[in-house]
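These notes are about the structure you will find just below.
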Amino acid sequence: MAPPFPITRLRRLRRSEALRGMVRETMVTAHDLIQPIFIEEGIDDPLPIAEMPGVSRIPERKLPHVVEGLARDGVKALMLFGISHHKDASGSDAWNRDGLVARMVRGAKRAAPELVVIPDVCFCEYTDHGHCGVIEHDHVANDITIDNLARQAVTAADAGADMVAPSAMMDGQVAAIRNALDQAGHPDTPIMAYSTKFASGFYGPFRVAAGCELKGDRKTYQMDPMNGREALRESIQDEAEGADMLMVKPGLAYLDVLARLRERTLLPLAVYQVSGEYAMIKFAAAAGAVNEQVIVRETLGAFKRAGADLILSYFARDVIREGF
Ligand code: PBG
């Protein structure tokens with residue numbers, strides 16, 4: 001037990017910036033951050049996303065230029081989302097060898113081979129109904145969808161992806177992808193599982209950003225935001241299926257899940273500061289209610305303090321460029 005006041009004075013170690021720096025417990029660096037980007041085929045000019053000020057859909061032909069710029073700014077890793085003009089019922093463009101996923105991965109790797117290129121492996125941007133898999137009898141069919149996810153992951157790995165990140169929240173998707181990657185000669189391609197992903201209202205701006213056709217919701221596959229124990233089960237299950245990294249998504253409203261999961265796994269743990277979290281900060285700062293730079297660093301620090309090793313954030317590039 002520490003001796004009580006006045007012998008103990010916690011303010012002693014807060015007296016100068018240098019002192020505060022010495023006792024700072026949490027640090028965020030460029031290596032912790034993953035920048036998500038949106039790439040649209042068939043457009044000529046960047047398309048600003050009104051719901052996410054500062055974020056645009058990048059025309060596919062400008063991808064090399066943009067990726068080179070991100071690498072020059074010090075970004076180390078990218079998460080790729082495609083906006084497809086070739087949607088169908090199953091999202092087949094996503095596993096097509098010359099489809100958008102394959103082309104984005106090839107383009108990004110060619111532009112900046114040193115970057116860690118991670119495609120989001122899902123179907124919601126590639127299906128004409130907007131669900132993350134195949135529909136059968138008004139229901140997203142789990143076992144057909146995981147076969148398709150496996151095909152998409154192999155296509156992405158063939159195209160040069162450094163890692164794949166399945167986000168469809170189908171049961172067995174990690175095992176199916178691990179098995180398919182191994183069979184296809186990619187035993188060394190890691191899987192970053194979106195292992196605990198909630199059916200969250202915080203994805204609102206993303207659905208516009210990604211041109212998602214969804215009319216209903218994803219509550220039969222993404223998790224109920226009210227469930228903490230189940231959140232741990234989801235991630236622990238993905239670890240058992242062979243995931244190399246786990247993820248909690250969204251971030252700020254789920255720090256408890258992140259902290260509890262940190263106690264239960266030795267795998268690297270990622271967190272996704274999603275589109276709605278980004279939008280809240282941007283719009284509140286634009287209204288003069290908060291200081292964007294300050295609270296962005298505060299939220300990123302909070303994710304690390306809660307146990308995240310990696311943070312997916314639309315602020316990644318800005319923070320890396322401006323300094324921490
Ligand atoms: C694909 C996917 C989504 C997000 C990442 N991958 C959308 C969703 O699940 O509806 C959301 C990311 C964000 O909101 O920033 N399934």
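FYI, nothing fancy with the structure tokens labels: chains A, B, ... in order, residues from 1 per chain, ligands from 1 as they appear.
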request  = Tell me which protein, DNA and RNA residues are within 7 Å of segment 111-125 of chain A, counting only C-alpha atoms, leaving out same-chain ones fewer than 6 positions away, and put them as JSON, numbers by chain.
outcome  = {"A": [64, 67, 68, 71, 76, 77, 78, 79, 80, 81, 82, 83, 84, 91, 105, 131, 132, 133, 149, 152, 153, 161, 162, 163, 164, 165, 166, 167, 168, 210, 211, 212]}
task = From the DSSP assignment of the backbone, select every residue of segment 13-211 of chain A that is strand (DSSP E), and format the answer as number ranges by chain.
result = A: 33-40, 47-48, 56-59, 77-83, 116-121, 135-136, 139-140, 165-166, 196-197
Just write the chosen residues, N, CA, C and O atoms, as a short mmCIF file (atom, residue, chain, number, x, y, z; two decimals), in the first residue's frame.
```
data_model
loop_
_atom_site.label_atom_id
_atom_site.label_comp_id
_atom_site.auth_asym_id
_atom_site.auth_seq_id
_atom_site.Cartn_x
_atom_site.Cartn_y
_atom_site.Cartn_z
N LEU A 33 -0.94 1.43 -36.98
CA LEU A 33 -2.10 1.96 -37.69
C LEU A 33 -2.29 1.35 -39.07
O LEU A 33 -1.33 1.11 -39.80
N ILE A 34 -3.55 1.10 -39.39
CA ILE A 34 -3.92 0.59 -40.72
C ILE A 34 -4.91 1.58 -41.33
O ILE A 34 -5.91 1.93 -40.70
N GLN A 35 -4.61 2.05 -42.53
CA GLN A 35 -5.46 3.04 -43.21
C GLN A 35 -6.44 2.32 -44.14
O GLN A 35 -6.03 1.67 -45.09
N PRO A 36 -7.75 2.45 -43.91
CA PRO A 36 -8.71 1.90 -44.88
C PRO A 36 -8.90 2.89 -46.03
O PRO A 36 -8.94 4.09 -45.81
N ILE A 37 -9.03 2.35 -47.26
CA ILE A 37 -9.33 3.21 -48.42
C ILE A 37 -10.42 2.57 -49.28
O ILE A 37 -10.59 1.35 -49.27
N PHE A 38 -11.15 3.44 -49.99
CA PHE A 38 -12.25 3.00 -50.86
C PHE A 38 -11.85 3.22 -52.31
O PHE A 38 -11.48 4.34 -52.69
N ILE A 39 -11.96 2.17 -53.12
CA ILE A 39 -11.58 2.27 -54.53
C ILE A 39 -12.77 1.90 -55.40
O ILE A 39 -13.33 0.81 -55.27
N GLU A 40 -13.12 2.83 -56.29
CA GLU A 40 -14.27 2.56 -57.16
C GLU A 40 -13.80 2.35 -58.59
O GLU A 40 -12.98 3.10 -59.11
N LEU A 47 -14.54 10.84 -55.63
CA LEU A 47 -15.91 11.17 -55.23
C LEU A 47 -15.94 11.39 -53.72
O LEU A 47 -15.90 10.44 -52.95
N PRO A 48 -16.00 12.67 -53.30
CA PRO A 48 -16.01 12.92 -51.85
C PRO A 48 -17.23 12.27 -51.20
O PRO A 48 -18.31 12.26 -51.78
N SER A 56 -12.64 10.22 -49.66
CA SER A 56 -13.23 10.11 -50.99
C SER A 56 -13.12 8.69 -51.51
O SER A 56 -12.26 7.94 -51.08
N ARG A 57 -14.02 8.37 -52.42
CA ARG A 57 -13.82 7.15 -53.21
C ARG A 57 -12.74 7.46 -54.24
O ARG A 57 -12.84 8.45 -54.97
N ILE A 58 -11.75 6.59 -54.30
CA ILE A 58 -10.63 6.80 -55.22
C ILE A 58 -10.93 6.08 -56.53
O ILE A 58 -11.26 4.89 -56.51
N PRO A 59 -10.81 6.78 -57.67
CA PRO A 59 -10.99 6.07 -58.94
C PRO A 59 -9.91 4.99 -59.09
O PRO A 59 -8.75 5.23 -58.74
N ALA A 77 0.37 0.19 -43.56
CA ALA A 77 -0.57 -0.87 -43.91
C ALA A 77 -1.89 -0.28 -44.39
O ALA A 77 -2.34 0.76 -43.91
N LEU A 78 -2.51 -0.98 -45.36
CA LEU A 78 -3.74 -0.52 -45.99
C LEU A 78 -4.80 -1.59 -45.91
O LEU A 78 -4.51 -2.78 -46.14
N MET A 79 -6.03 -1.17 -45.64
CA MET A 79 -7.19 -2.05 -45.79
C MET A 79 -7.95 -1.60 -47.02
O MET A 79 -8.29 -0.41 -47.13
N LEU A 80 -8.20 -2.50 -47.96
CA LEU A 80 -8.82 -2.13 -49.23
C LEU A 80 -10.30 -2.49 -49.27
O LEU A 80 -10.68 -3.63 -48.97
N PHE A 81 -11.14 -1.52 -49.67
CA PHE A 81 -12.54 -1.77 -49.93
C PHE A 81 -12.84 -1.38 -51.36
O PHE A 81 -12.49 -0.27 -51.79
N GLY A 82 -13.50 -2.24 -52.11
CA GLY A 82 -13.84 -1.95 -53.50
C GLY A 82 -15.28 -1.54 -53.64
O GLY A 82 -16.16 -2.05 -52.95
N ILE A 83 -15.52 -0.60 -54.54
CA ILE A 83 -16.91 -0.26 -54.89
C ILE A 83 -17.14 -0.77 -56.30
O ILE A 83 -16.61 -0.26 -57.27
N VAL A 116 1.93 -3.18 -46.28
CA VAL A 116 1.14 -4.38 -45.98
C VAL A 116 -0.26 -4.16 -46.55
O VAL A 116 -0.98 -3.27 -46.09
N VAL A 117 -0.60 -4.94 -47.54
CA VAL A 117 -1.87 -4.75 -48.23
C VAL A 117 -2.87 -5.83 -47.79
O VAL A 117 -2.62 -7.03 -47.93
N ILE A 118 -3.98 -5.36 -47.22
CA ILE A 118 -4.96 -6.26 -46.61
C ILE A 118 -6.33 -6.00 -47.23
O ILE A 118 -6.95 -4.97 -46.94
N PRO A 119 -6.82 -6.88 -48.09
CA PRO A 119 -8.19 -6.68 -48.58
C PRO A 119 -9.20 -7.15 -47.54
O PRO A 119 -8.99 -8.15 -46.86
N ASP A 120 -10.29 -6.38 -47.41
CA ASP A 120 -11.44 -6.81 -46.64
C ASP A 120 -12.08 -7.95 -47.44
O ASP A 120 -12.35 -7.79 -48.63
N VAL A 121 -12.27 -9.10 -46.80
CA VAL A 121 -12.85 -10.24 -47.52
C VAL A 121 -14.31 -10.39 -47.08
O VAL A 121 -14.59 -10.85 -45.97
N ILE A 135 -27.98 -15.41 -50.63
CA ILE A 135 -29.31 -15.51 -50.00
C ILE A 135 -30.00 -16.78 -50.48
O ILE A 135 -30.06 -17.05 -51.69
N GLU A 136 -30.51 -17.55 -49.52
CA GLU A 136 -31.34 -18.71 -49.84
C GLU A 136 -32.52 -18.71 -48.90
O GLU A 136 -32.33 -18.64 -47.67
N HIS A 139 -32.59 -15.90 -46.37
CA HIS A 139 -31.63 -16.00 -45.27
C HIS A 139 -30.23 -16.04 -45.88
O HIS A 139 -30.04 -16.63 -46.94
N VAL A 140 -29.26 -15.43 -45.22
CA VAL A 140 -27.89 -15.54 -45.72
C VAL A 140 -27.37 -16.94 -45.41
O VAL A 140 -27.31 -17.35 -44.25
N ALA A 165 -8.56 -10.33 -44.58
CA ALA A 165 -9.34 -9.94 -43.40
C ALA A 165 -10.83 -10.25 -43.63
O ALA A 165 -11.57 -9.40 -44.11
N PRO A 166 -11.24 -11.46 -43.31
CA PRO A 166 -12.65 -11.82 -43.51
C PRO A 166 -13.56 -11.10 -42.52
O PRO A 166 -13.33 -11.13 -41.31
N THR A 196 -14.86 -10.29 -33.70
CA THR A 196 -16.01 -9.83 -32.92
C THR A 196 -16.52 -8.56 -33.57
O THR A 196 -15.99 -7.47 -33.37
N LYS A 197 -17.55 -8.76 -34.41
CA LYS A 197 -18.09 -7.62 -35.17
C LYS A 197 -19.57 -7.48 -34.83
O LYS A 197 -20.35 -8.40 -35.04
#
```
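Closest approach to ligand 1 from the set A:Thr299, A:Asn227, A:Asn96, A:Gln222 is made by A:Gln222, with distances taken over only C-alpha atoms and all ligand atoms.
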task = Output as a count of residues only all residues of segment 20-160 of chain A that backbone DSSP marks as alpha helix (DSSP H).
result = 42
